[in-house]
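**Q** Contents are mmCIF, C-alpha atoms; file name coords11.cif:
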```cif
data_upload
#
loop_
_atom_site.group_PDB
_atom_site.id
_atom_site.type_symbol
_atom_site.label_atom_id
_atom_site.label_comp_id
_atom_site.auth_asym_id
_atom_site.auth_seq_id
_atom_site.Cartn_x
_atom_site.Cartn_y
_atom_site.Cartn_z
ATOM 1 C CA MET A 1 17.388 4.771 15.736
ATOM 2 C CA ARG A 2 18.467 6.482 12.530
ATOM 3 C CA ALA A 3 19.926 3.236 11.214
ATOM 4 C CA THR A 4 16.743 1.281 11.862
ATOM 5 C CA LEU A 5 14.415 3.903 10.429
ATOM 6 C CA ALA A 6 16.529 4.728 7.410
ATOM 7 C CA ALA A 7 15.309 1.527 5.799
ATOM 8 C CA GLY A 8 11.927 3.156 5.299
ATOM 9 C CA ARG A 9 13.143 6.290 3.534
ATOM 10 C CA ARG A 10 13.038 5.464 -0.180
ATOM 11 C CA ASN A 11 11.727 7.090 -3.325
ATOM 12 C CA ARG A 12 8.007 6.740 -3.585
ATOM 13 C CA GLU A 13 6.657 4.751 -6.502
ATOM 14 C CA SER A 14 4.061 6.344 -8.765
ATOM 15 C CA THR A 15 0.489 5.715 -7.632
ATOM 16 C CA VAL A 16 -0.945 6.328 -11.101
ATOM 17 C CA GLU A 17 -2.131 3.375 -13.154
ATOM 18 C CA ALA A 18 0.121 2.880 -16.162
ATOM 19 C CA GLY A 19 -1.155 3.046 -19.728
ATOM 20 C CA ILE A 20 -4.223 4.408 -21.423
ATOM 21 C CA GLY A 21 -7.024 1.951 -22.118
ATOM 22 C CA SER A 22 -10.383 2.425 -23.774
ATOM 23 C CA PRO A 23 -11.669 5.896 -22.918
ATOM 24 C CA MET A 24 -15.295 4.912 -23.173
ATOM 25 C CA VAL A 25 -16.203 2.224 -20.674
ATOM 26 C CA THR A 26 -14.741 0.142 -17.899
ATOM 27 C CA ALA A 27 -14.366 -3.609 -18.140
ATOM 28 C CA GLY A 28 -17.695 -5.262 -17.692
ATOM 29 C CA THR A 29 -19.731 -2.415 -19.236
ATOM 30 C CA SER A 30 -18.761 -2.900 -22.882
ATOM 31 C CA GLY A 31 -21.407 -1.535 -25.173
ATOM 32 C CA HIS A 32 -22.942 0.733 -22.530
ATOM 33 C CA THR A 33 -23.800 4.146 -23.975
ATOM 34 C CA GLY A 34 -25.555 5.817 -21.069
ATOM 35 C CA GLY A 35 -24.158 8.095 -18.374
ATOM 36 C CA VAL A 36 -21.868 7.354 -15.463
ATOM 37 C CA GLU A 37 -23.282 4.494 -13.399
ATOM 38 C CA HIS A 38 -22.904 4.039 -9.627
ATOM 39 C CA GLY A 39 -21.290 7.469 -9.387
ATOM 40 C CA ASP A 40 -22.270 11.134 -9.326
ATOM 41 C CA ARG A 41 -22.345 12.295 -12.936
ATOM 42 C CA ALA A 42 -23.166 15.943 -12.144
ATOM 43 C CA GLU A 43 -20.505 16.224 -9.462
ATOM 44 C CA LEU A 44 -17.952 14.516 -11.706
ATOM 45 C CA ALA A 45 -18.650 17.116 -14.401
ATOM 46 C CA ALA A 46 -18.355 19.967 -11.899
ATOM 47 C CA PHE A 47 -15.121 18.510 -10.505
ATOM 48 C CA LEU A 48 -13.536 18.380 -13.957
ATOM 49 C CA ARG A 49 -14.571 21.964 -14.722
ATOM 50 C CA ARG A 50 -13.210 23.275 -11.415
ATOM 51 C CA TRP A 51 -9.862 21.543 -11.734
ATOM 52 C CA ARG A 52 -9.434 22.457 -15.392
ATOM 53 C CA ALA A 53 -9.795 26.124 -14.379
ATOM 54 C CA ARG A 54 -7.150 25.707 -11.655
ATOM 55 C CA VAL A 55 -4.383 24.261 -13.832
ATOM 56 C CA GLN A 56 -2.309 26.950 -15.532
ATOM 57 C CA PRO A 57 -0.880 26.376 -19.033
ATOM 58 C CA SER A 58 2.635 26.823 -17.648
ATOM 59 C CA ASP A 59 1.978 23.939 -15.210
ATOM 60 C CA VAL A 60 1.799 21.544 -18.164
ATOM 61 C CA GLY A 61 4.390 23.177 -20.418
ATOM 62 C CA LEU A 62 1.964 25.161 -22.619
ATOM 63 C CA GLU A 63 2.118 28.772 -23.766
ATOM 64 C CA ARG A 64 -0.430 30.947 -22.028
ATOM 65 C CA GLY A 65 -1.275 33.160 -25.034
ATOM 66 C CA ARG A 66 -4.547 35.065 -25.076
ATOM 67 C CA ARG A 67 -7.300 33.326 -23.121
ATOM 68 C CA ARG A 68 -10.830 34.299 -22.239
ATOM 69 C CA THR A 69 -10.984 32.115 -19.143
ATOM 70 C CA PRO A 70 -8.428 30.955 -16.549
ATOM 71 C CA GLY A 71 -6.888 27.529 -16.661
ATOM 72 C CA LEU A 72 -6.720 25.065 -19.509
ATOM 73 C CA ARG A 73 -8.945 24.763 -22.534
ATOM 74 C CA ARG A 74 -11.030 21.612 -22.927
ATOM 75 C CA GLN A 75 -9.039 20.634 -26.001
ATOM 76 C CA GLU A 76 -5.796 20.901 -24.032
ATOM 77 C CA VAL A 77 -7.061 18.620 -21.267
ATOM 78 C CA ALA A 78 -8.281 16.121 -23.861
ATOM 79 C CA ASN A 79 -4.910 16.136 -25.618
ATOM 80 C CA LEU A 80 -3.008 15.735 -22.351
ATOM 81 C CA ALA A 81 -5.244 12.814 -21.359
ATOM 82 C CA GLY A 82 -5.102 11.150 -24.787
ATOM 83 C CA MET A 83 -8.848 11.248 -25.447
ATOM 84 C CA SER A 84 -11.085 12.888 -28.037
ATOM 85 C CA VAL A 85 -12.236 16.442 -27.401
ATOM 86 C CA ASP A 86 -15.856 15.400 -27.941
ATOM 87 C CA TYR A 87 -15.580 12.712 -25.260
ATOM 88 C CA TYR A 88 -14.088 15.121 -22.736
ATOM 89 C CA VAL A 89 -16.722 17.781 -23.506
ATOM 90 C CA ARG A 90 -19.464 15.229 -22.826
ATOM 91 C CA LEU A 91 -17.866 14.368 -19.471
ATOM 92 C CA GLU A 92 -17.827 18.037 -18.473
ATOM 93 C CA GLN A 93 -21.451 18.358 -19.536
ATOM 94 C CA GLY A 94 -22.487 15.422 -17.375
ATOM 95 C CA ARG A 95 -23.593 13.215 -20.251
ATOM 96 C CA GLY A 96 -20.523 11.140 -21.020
ATOM 97 C CA PRO A 97 -20.222 7.362 -20.694
ATOM 98 C CA ARG A 98 -18.533 5.885 -17.664
ATOM 99 C CA PRO A 99 -14.747 6.455 -17.841
ATOM 100 C CA SER A 100 -12.453 3.478 -17.369
ATOM 101 C CA ARG A 101 -9.832 3.346 -14.626
ATOM 102 C CA GLN A 102 -7.171 3.983 -17.249
ATOM 103 C CA MET A 103 -8.954 7.094 -18.474
ATOM 104 C CA LEU A 104 -9.515 8.379 -14.945
ATOM 105 C CA ALA A 105 -5.775 7.903 -14.322
ATOM 106 C CA ALA A 106 -5.055 9.878 -17.512
ATOM 107 C CA LEU A 107 -7.363 12.685 -16.384
ATOM 108 C CA GLY A 108 -5.608 12.708 -13.017
ATOM 109 C CA ARG A 109 -2.268 13.224 -14.731
ATOM 110 C CA ALA A 110 -3.614 15.877 -17.119
ATOM 111 C CA LEU A 111 -5.189 17.881 -14.287
ATOM 112 C CA ARG A 112 -2.199 17.416 -11.946
ATOM 113 C CA LEU A 113 -4.345 15.893 -9.205
ATOM 114 C CA THR A 114 -2.956 14.898 -5.836
ATOM 115 C CA ASP A 115 -3.411 11.337 -4.533
ATOM 116 C CA ASP A 116 -6.509 12.362 -2.549
ATOM 117 C CA GLU A 117 -7.968 14.240 -5.533
ATOM 118 C CA ARG A 118 -7.383 11.245 -7.813
ATOM 119 C CA SER A 119 -9.157 8.983 -5.317
ATOM 120 C CA HIS A 120 -12.077 11.417 -5.191
ATOM 121 C CA LEU A 121 -12.251 11.480 -8.989
ATOM 122 C CA HIS A 122 -12.453 7.674 -9.067
ATOM 123 C CA HIS A 123 -15.223 7.618 -6.461
ATOM 124 C CA LEU A 124 -17.252 10.228 -8.361
ATOM 125 C CA ALA A 125 -17.063 7.982 -11.424
ATOM 126 C CA GLY A 126 -18.171 4.940 -9.427
ATOM 127 C CA GLU A 127 -14.727 3.327 -9.543
ATOM 128 C CA MET A 128 -12.404 2.245 -6.771
ATOM 129 C CA PRO A 129 -8.965 3.847 -7.137
ATOM 130 C CA ALA A 130 -6.405 1.540 -8.703
ATOM 131 C CA PRO A 131 -3.622 0.289 -6.411
ATOM 132 C CA PRO A 132 -0.055 1.445 -7.006
ATOM 133 C CA PRO A 133 1.643 -0.506 -9.846
ATOM 134 C CA THR A 134 4.224 -1.848 -7.366
ATOM 135 C CA PRO A 135 4.311 -2.033 -3.550
ATOM 136 C CA VAL A 136 5.330 1.369 -2.187
ATOM 137 C CA ARG A 137 8.469 1.278 -0.029
ATOM 138 C CA GLU A 138 8.659 4.850 1.244
ATOM 139 C CA VAL A 139 7.203 5.204 4.738
ATOM 140 C CA ARG A 140 5.394 8.399 5.644
ATOM 141 C CA PRO A 141 7.719 10.748 7.597
ATOM 142 C CA SER A 142 5.002 11.246 10.220
ATOM 143 C CA LEU A 143 4.861 7.486 10.779
ATOM 144 C CA LEU A 144 8.633 7.293 11.127
ATOM 145 C CA HIS A 145 8.390 10.044 13.730
ATOM 146 C CA LEU A 146 5.727 8.053 15.579
ATOM 147 C CA LEU A 147 7.988 4.988 15.662
ATOM 148 C CA GLU A 148 10.766 7.123 17.097
ATOM 149 C CA ARG A 149 8.483 8.348 19.888
ATOM 150 C CA LEU A 150 6.933 4.939 20.625
ATOM 151 C CA ASP A 151 9.432 3.680 23.183
ATOM 152 C CA ASP A 152 7.258 1.214 25.107
ATOM 153 C CA THR A 153 5.657 -0.831 22.308
ATOM 154 C CA PRO A 154 7.412 -2.904 19.616
ATOM 155 C CA ALA A 155 6.288 -1.734 16.181
ATOM 156 C CA LEU A 156 7.328 -2.217 12.572
ATOM 157 C CA VAL A 157 6.132 -1.216 9.103
ATOM 158 C CA CYS A 158 5.771 -3.706 6.233
ATOM 159 C CA ASP A 159 4.840 -3.224 2.610
ATOM 160 C CA ALA A 160 2.184 -5.323 0.872
ATOM 161 C CA LYS A 161 4.509 -8.279 0.286
ATOM 162 C CA TYR A 162 5.748 -8.308 3.907
ATOM 163 C CA ASP A 163 9.097 -6.558 3.341
ATOM 164 C CA ILE A 164 10.104 -4.922 6.628
ATOM 165 C CA LEU A 165 10.612 -1.225 5.862
ATOM 166 C CA ALA A 166 11.058 0.377 9.288
ATOM 167 C CA TRP A 167 11.052 -0.590 12.955
ATOM 168 C CA ASN A 168 11.703 0.902 16.370
ATOM 169 C CA PRO A 169 14.221 -0.123 19.068
ATOM 170 C CA MET A 170 11.538 -2.053 20.951
ATOM 171 C CA ALA A 171 10.959 -4.203 17.870
ATOM 172 C CA THR A 172 14.686 -4.879 17.783
ATOM 173 C CA ALA A 173 14.618 -5.877 21.471
ATOM 174 C CA LEU A 174 11.670 -8.228 20.869
ATOM 175 C CA LEU A 175 12.361 -9.658 17.405
ATOM 176 C CA GLY A 176 16.054 -9.083 16.733
ATOM 177 C CA ASP A 177 18.155 -6.562 14.852
ATOM 178 C CA PHE A 178 16.771 -6.291 11.324
ATOM 179 C CA SER A 179 19.633 -4.005 10.292
ATOM 180 C CA ALA A 180 21.946 -7.032 10.631
ATOM 181 C CA VAL A 181 19.809 -9.018 8.168
ATOM 182 C CA PRO A 182 20.544 -8.723 4.410
ATOM 183 C CA GLU A 183 17.918 -6.526 2.799
ATOM 184 C CA ASP A 184 16.713 -9.222 0.405
ATOM 185 C CA GLU A 185 15.942 -11.460 3.414
ATOM 186 C CA ARG A 186 14.259 -8.706 5.443
ATOM 187 C CA ASN A 187 10.837 -10.164 4.750
ATOM 188 C CA VAL A 188 8.460 -11.651 7.326
ATOM 189 C CA VAL A 189 7.173 -14.503 5.133
ATOM 190 C CA TRP A 190 10.632 -15.406 3.826
ATOM 191 C CA ARG A 191 12.072 -15.535 7.346
ATOM 192 C CA PHE A 192 9.161 -17.675 8.544
ATOM 193 C CA PHE A 193 9.359 -20.332 5.813
ATOM 194 C CA ALA A 194 13.078 -20.265 4.950
ATOM 195 C CA ARG A 195 14.714 -19.599 8.342
ATOM 196 C CA PRO A 196 13.696 -22.285 10.897
ATOM 197 C CA GLN A 197 15.229 -20.342 13.788
ATOM 198 C CA SER A 198 12.669 -17.564 13.246
ATOM 199 C CA ARG A 199 9.764 -20.000 13.272
ATOM 200 C CA GLU A 200 10.988 -21.752 16.412
ATOM 201 C CA ARG A 201 10.250 -18.578 18.387
ATOM 202 C CA ILE A 202 6.514 -18.769 17.595
ATOM 203 C CA ASP A 203 3.998 -20.994 19.406
ATOM 204 C CA PRO A 204 3.299 -24.042 17.161
ATOM 205 C CA GLY A 205 -0.431 -23.352 17.036
ATOM 206 C CA ASP A 206 0.140 -19.718 16.082
ATOM 207 C CA ALA A 207 2.760 -20.770 13.536
ATOM 208 C CA GLY A 208 0.364 -23.078 11.702
ATOM 209 C CA ARG A 209 -2.312 -20.394 11.541
ATOM 210 C CA PHE A 210 0.157 -17.730 10.407
ATOM 211 C CA ALA A 211 1.522 -20.005 7.673
ATOM 212 C CA ARG A 212 -1.908 -20.421 6.094
ATOM 213 C CA GLU A 213 -2.915 -16.776 6.513
ATOM 214 C CA ALA A 214 0.387 -15.432 5.170
ATOM 215 C CA VAL A 215 0.279 -17.613 2.050
ATOM 216 C CA ALA A 216 -3.375 -16.726 1.408
ATOM 217 C CA ASP A 217 -2.605 -13.019 1.817
ATOM 218 C CA LEU A 218 0.468 -13.223 -0.414
ATOM 219 C CA ARG A 219 -1.710 -14.777 -3.136
ATOM 220 C CA ALA A 220 -4.013 -11.740 -2.900
ATOM 221 C CA VAL A 221 -0.957 -9.467 -3.120
ATOM 222 C CA ALA A 222 0.249 -11.284 -6.244
ATOM 223 C CA ALA A 223 -3.148 -10.624 -7.844
ATOM 224 C CA ARG A 224 -2.992 -6.909 -6.954
ATOM 225 C CA TYR A 225 0.520 -6.533 -8.377
ATOM 226 C CA PRO A 226 0.641 -9.003 -11.285
ATOM 227 C CA ARG A 227 3.520 -7.225 -13.041
ATOM 228 C CA ASP A 228 5.713 -6.487 -10.038
ATOM 229 C CA PRO A 229 9.001 -8.419 -10.287
ATOM 230 C CA GLY A 230 9.578 -8.244 -6.528
ATOM 231 C CA VAL A 231 6.339 -10.053 -5.682
ATOM 232 C CA ARG A 232 6.944 -12.662 -8.378
ATOM 233 C CA SER A 233 10.533 -13.211 -7.232
ATOM 234 C CA LEU A 234 9.475 -13.681 -3.603
ATOM 235 C CA VAL A 235 6.834 -16.256 -4.532
ATOM 236 C CA ASP A 236 9.253 -18.129 -6.816
ATOM 237 C CA ARG A 237 11.948 -18.222 -4.115
ATOM 238 C CA LEU A 238 9.470 -19.541 -1.556
ATOM 239 C CA LEU A 239 8.119 -22.167 -3.953
ATOM 240 C CA THR A 240 11.668 -23.385 -4.558
ATOM 241 C CA THR A 241 12.788 -23.272 -0.919
ATOM 242 C CA SER A 242 9.819 -24.393 1.191
ATOM 243 C CA PRO A 243 7.759 -27.556 0.591
ATOM 244 C CA GLU A 244 5.203 -26.282 3.124
ATOM 245 C CA PHE A 245 4.790 -23.002 1.251
ATOM 246 C CA ARG A 246 4.501 -24.934 -2.004
ATOM 247 C CA MET A 247 1.717 -27.096 -0.552
ATOM 248 C CA LEU A 248 -0.224 -24.159 0.886
ATOM 249 C CA TRP A 249 0.196 -22.115 -2.299
ATOM 250 C CA ALA A 250 -1.278 -24.983 -4.344
ATOM 251 C CA GLU A 251 -4.439 -24.894 -2.211
ATOM 252 C CA GLY A 252 -5.282 -21.495 -3.700
ATOM 253 C CA ASP A 253 -6.738 -19.859 -0.571
ATOM 254 C CA VAL A 254 -7.063 -16.058 -0.538
ATOM 255 C CA GLN A 255 -7.329 -13.988 2.636
ATOM 256 C CA VAL A 256 -6.288 -10.469 3.622
ATOM 257 C CA ARG A 257 -4.239 -10.255 6.797
ATOM 258 C CA ARG A 258 -5.840 -9.023 10.020
ATOM 259 C CA SER A 259 -4.924 -8.405 13.632
ATOM 260 C CA ALA A 260 -4.314 -11.551 15.683
ATOM 261 C CA ARG A 261 -2.985 -12.874 18.960
ATOM 262 C CA LYS A 262 0.536 -14.263 18.886
ATOM 263 C CA ARG A 263 2.690 -16.108 21.408
ATOM 264 C CA ILE A 264 6.398 -15.417 20.936
ATOM 265 C CA ARG A 265 9.351 -16.915 22.801
ATOM 266 C CA HIS A 266 12.003 -14.343 23.672
ATOM 267 C CA PRO A 267 15.503 -15.734 24.355
ATOM 268 C CA VAL A 268 15.671 -13.881 27.700
ATOM 269 C CA ALA A 269 12.102 -12.999 28.706
ATOM 270 C CA GLY A 270 10.568 -16.360 27.744
ATOM 271 C CA TRP A 271 7.063 -16.780 26.303
ATOM 272 C CA LEU A 272 5.178 -13.530 25.679
ATOM 273 C CA ASP A 273 1.449 -13.294 24.917
ATOM 274 C CA LEU A 274 0.908 -10.402 22.530
ATOM 275 C CA GLN A 275 -1.875 -8.861 20.484
ATOM 276 C CA CYS A 276 -0.568 -7.952 17.033
ATOM 277 C CA GLU A 277 -2.590 -4.955 15.906
ATOM 278 C CA ALA A 278 -2.123 -4.446 12.152
ATOM 279 C CA LEU A 279 -3.189 -1.023 10.864
ATOM 280 C CA HIS A 280 -3.441 -0.565 7.104
ATOM 281 C CA ASP A 281 -2.474 2.524 5.081
ATOM 282 C CA PRO A 282 -4.526 2.027 1.886
ATOM 283 C CA ALA A 283 -2.798 4.850 -0.019
ATOM 284 C CA ARG A 284 0.560 3.055 0.237
ATOM 285 C CA ASP A 285 -0.764 -0.462 0.867
ATOM 286 C CA GLN A 286 1.476 -0.692 3.923
ATOM 287 C CA TRP A 287 0.879 -2.222 7.340
ATOM 288 C CA THR A 288 2.043 -0.944 10.719
ATOM 289 C CA VAL A 289 2.109 -3.781 13.249
ATOM 290 C CA PHE A 290 2.051 -3.003 16.971
ATOM 291 C CA TYR A 291 2.882 -5.757 19.491
ATOM 292 C CA VAL A 292 0.673 -4.964 22.487
ATOM 293 C CA ALA A 293 0.500 -6.662 25.879
ATOM 294 C CA ALA A 294 -2.494 -6.666 28.225
ATOM 295 C CA PRO A 295 -1.998 -4.070 31.013
ATOM 296 C CA GLY A 296 -0.740 -5.593 34.250
ATOM 297 C CA SER A 297 0.121 -8.936 32.625
ATOM 298 C CA THR A 298 3.433 -10.755 32.993
ATOM 299 C CA THR A 299 4.056 -9.995 29.313
ATOM 300 C CA SER A 300 3.541 -6.300 30.029
ATOM 301 C CA GLU A 301 6.171 -6.503 32.777
ATOM 302 C CA ALA A 302 8.520 -8.348 30.429
ATOM 303 C CA LEU A 303 8.137 -5.637 27.780
ATOM 304 C CA ARG A 304 8.924 -3.035 30.394
ATOM 305 C CA ALA A 305 12.174 -4.886 31.106
ATOM 306 C CA LEU A 306 12.930 -5.057 27.377
ATOM 307 C CA ARG A 307 12.357 -1.320 27.197
ATOM 308 C CA GLY A 308 15.273 -0.868 29.542
ATOM 309 C CA VAL A 309 17.387 -3.117 27.312
ATOM 310 C CA SER A 310 16.493 -1.145 24.182
ATOM 311 C CA ALA A 311 17.150 2.169 25.912
ATOM 312 C CA GLY A 312 20.645 0.986 26.846
ATOM 313 C CA ARG A 313 21.642 0.202 23.267
#
```
Starting from the coordinates I provided, produce the structure as structure tokens.
**A**
Amino acid sequence: MRATLAAGRRNRESTVEAGIGSPMVTAGTSGHTGGVEHGDRAELAAFLRRWRARVQPSDVGLERGRRRTPGLRRQEVANLAGMSVDYYVRLEQGRGPRPSRQMLAALGRALRLTDDERSHLHHLAGEMPAPPPTPVREVRPSLLHLLERLDDTPALVCDAKYDILAWNPMATALLGDFSAVPEDERNVVWRFFARPQSRERIDPGDAGRFAREAVADLRAVAARYPRDPGVRSLVDRLLTTSPEFRMLWAEGDVQVRRSARKRIRHPVAGWLDLQCEALHDPARDQWTVFYVAAPGSTTSEALRALRGVSAGR
């Protein structure tokens, strides 16, 4: 178990958007000089004031000195965020223009916000939080614990580009031992298009549908992470290796993955009819996939037999 789950324990990538863009407006609102649109201007101002009072000068490497009020001064927050003092003052007074994503990210860093607090700040400004700059590979410890306890259902965790990050013994019993696969090939889409033996275990009808959906989803991933070398490398490898992938990629379809039924042929148990329930963690852009059988079905009985196999490992 430790060997299979260790694959998910990696340093977490930063979830803050890199760089500082225009502090005045978001893309698409150039020239707008009014207040925050599609957000809560008053609550945004109150949020900034509350969090500025909570951050101590020592938290950001500043001397405390003599201060009339707790927390940081407005000028200090503005300097830390790389914006003008006048602009920040207007935000705190509820009369500033709509901040860009880049500026909201800068405010999040200056005020030492948590992931949840940064998301709330974005929503108050009428912006969706930016995705992480690269797919996050660290799996939540609580999710790893769940996989350890889930001894009757195959389950695995994938990042946005389908890299397999963690799995439980039941997944090994159903799909094979991922720890024996080189890490750079431990990817669901790569195995499907580049390793025929993996595809041969999937019902032909399901395989055709998965091929189209996986390519369409990977195109959406490439758009979310345009500067990530891992995503670009995976796409380039697939374009070079698989004519089918190359054809589907050229069609330009975009679709986010969803739960689906799948028929898988196990080398011992035979054909298994499974519901693949894919649950998304938006903070990490990771998917946990559970392979579930209908209660009382022959597939359910087969999984129970595989449970005994996995327990004997």
**Q** Provide the CA of Arg95 in chain A to CA of Arg109 in chain A distance in Å, to one decimal place.
**A**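 Straight-line distance from CA of Arg95 in chain A to CA of Arg109 in chain A works out to 22.0 Å.
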**Q** For a test of reading the model, state the distance in Å between CA of Ala42 in chain A and CA of Asp59 in chain A, rounded to one decimal.
**A**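 It comes out at 26.6 Å.
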**Q** Determine the nearest neighbour of Leu279 in chain A from the options A:Ala294, A:Val89, A:Leu143, A:Ala81, counting all atoms listed in the file.
**A**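 Among the listed residues, the smallest separation from Leu279 in chain A belongs to A:Leu143.
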**Q** Just the number, please: distance in Å from CA of Leu124 in chain A to CA of Gly94 in chain A, one decimal.
**A** 11.6 Å
**Q** Tell me which residues the PyMOL selection byres ((chain A and resi 264) around 7) grabs here, as a list in words.
**A** Arg201, Ile202, Asp203, Lys262, Arg263, Arg265, His266, Trp271, Leu272 and Asp273 of chain A
**Q** Which residues are near Met128 in chain A? Cut-off 8 Å, all atoms listed in the file, ignore same chain within fewer than 3 positions. Put them as a CSV table (one decimal) with C-alpha atoms, in the frame of the given file.
**A**
```csv
chain,number,residue,atom,x,y,z
A,119,SER,CA,-9.2,9.0,-5.3
A,122,HIS,CA,-12.5,7.7,-9.1
A,123,HIS,CA,-15.2,7.6,-6.5
```
**Q** I would like the residues chosen by the PyMOL selection byres ((chain A and resi 234-248) around 9) on the shown file; could you give them as a list in words?
**A**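 Written out, the selection comes to Lys161, Val189, Trp190, Phe193, Ala194, Ala211, Arg212, Val215, Ala216, Leu218, Arg219, Ala222, Pro229, Gly230, Val231, Arg232, Ser233, Trp249, Ala250, Glu251, Gly252 and Asp253 of chain A.
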**Q** Here's the selection I'm unsure about, the PyMOL selection byres ((chain A and resi 134) around 7); applied to the file above, which residues does it give, as a PDB file with C-alpha atoms, keeping the file's coordinate frame?
**A**
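The result, stored in part-v6.pdb:
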```
ATOM      1  CA  PRO A 132      -0.055   1.445  -7.006  1.00  0.00           C
ATOM      2  CA  PRO A 133       1.643  -0.506  -9.846  1.00  0.00           C
ATOM      3  CA  PRO A 135       4.311  -2.033  -3.550  1.00  0.00           C
ATOM      4  CA  VAL A 136       5.330   1.369  -2.187  1.00  0.00           C
ATOM      5  CA  TYR A 225       0.520  -6.533  -8.377  1.00  0.00           C
ATOM      6  CA  ASP A 228       5.713  -6.487 -10.038  1.00  0.00           C
TER       7      ASP A 228
END
```
**Q** Identify which of the residues A:Arg195, A:Arg50, A:His280, A:Arg209 lies closest to Val181 in chain A, counting all atoms listed in the file when measuring atom-to-atom distances.
**A**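 Nearest to Val181 in chain A: A:Arg195.
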**Q** Would you kindly return, as number ranges by chain, each protein, DNA or RNA residue with an atom no farther than 7 Å from any atom of Val188 in chain A, considering all atoms listed in the file and excluding same-chain residues fewer than 5 positions away?
**A** A: 162-164
**Q** Would you save the residues of that selection, restricted to C-alpha atoms, as a short mmCIF file (atom, residue, chain, number, x, y, z; two decimals), keeping the file's coordinate frame?
**A**
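Saved as part35.cif:
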```cif
data_model
loop_
_atom_site.label_atom_id
_atom_site.label_comp_id
_atom_site.auth_asym_id
_atom_site.auth_seq_id
_atom_site.Cartn_x
_atom_site.Cartn_y
_atom_site.Cartn_z
CA TYR A 162 5.75 -8.31 3.91
CA ASP A 163 9.10 -6.56 3.34
CA ILE A 164 10.10 -4.92 6.63
#
```
**Q** If we count only C-alpha atoms, what is near Arg112 in chain A at a cut-off of 9 Å, once residues fewer than 2 positions away on the same chain are taken out, given as a ChimeraX atom specification?
**A** /A:51,55,59-60,107-110,114
**Q** Can I get the selected residues back with C-alpha atoms, as an mmCIF file, in the frame of the given file?
**A**
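Saved the output as part_12.cif:
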```cif
data_model
loop_
_atom_site.group_PDB
_atom_site.id
_atom_site.type_symbol
_atom_site.label_atom_id
_atom_site.label_comp_id
_atom_site.auth_asym_id
_atom_site.auth_seq_id
_atom_site.Cartn_x
_atom_site.Cartn_y
_atom_site.Cartn_z
ATOM 1 C CA TRP A 51 -9.862 21.543 -11.734
ATOM 2 C CA VAL A 55 -4.383 24.261 -13.832
ATOM 3 C CA ASP A 59 1.978 23.939 -15.210
ATOM 4 C CA VAL A 60 1.799 21.544 -18.164
ATOM 5 C CA LEU A 107 -7.363 12.685 -16.384
ATOM 6 C CA GLY A 108 -5.608 12.708 -13.017
ATOM 7 C CA ARG A 109 -2.268 13.224 -14.731
ATOM 8 C CA ALA A 110 -3.614 15.877 -17.119
ATOM 9 C CA THR A 114 -2.956 14.898 -5.836
#
```
**Q** Which one is closest to Ala173 in chain A: A:Gly126, A:Arg227, A:Arg199, A:Arg307? Count all atoms listed in the file.
**A**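 The closest residue to Ala173 in chain A is A:Arg307.
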**Q** Looking at only C-alpha atoms, which of A:Ala105, A:Ala305, A:Ala293, A:Ala78 is the one that sits closest to Val268 in chain A?
**A**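 Among A:Ala105, A:Ala305, A:Ala293, A:Ala78, it is A:Ala305 that comes nearest to Val268 in chain A.
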**Q** Report, as lines of an AutoDock Vina configuration file, the centre and edge lengths in Å (one decimal) of the axis-aligned box enclosing every listed atom of range 61-76 of chain A, padded by 6 Å on each side.
**A**
```
center_x = -3.3
center_y = 27.8
center_z = -21.3
size_x = 27.4
size_y = 26.4
size_z = 21.5
```
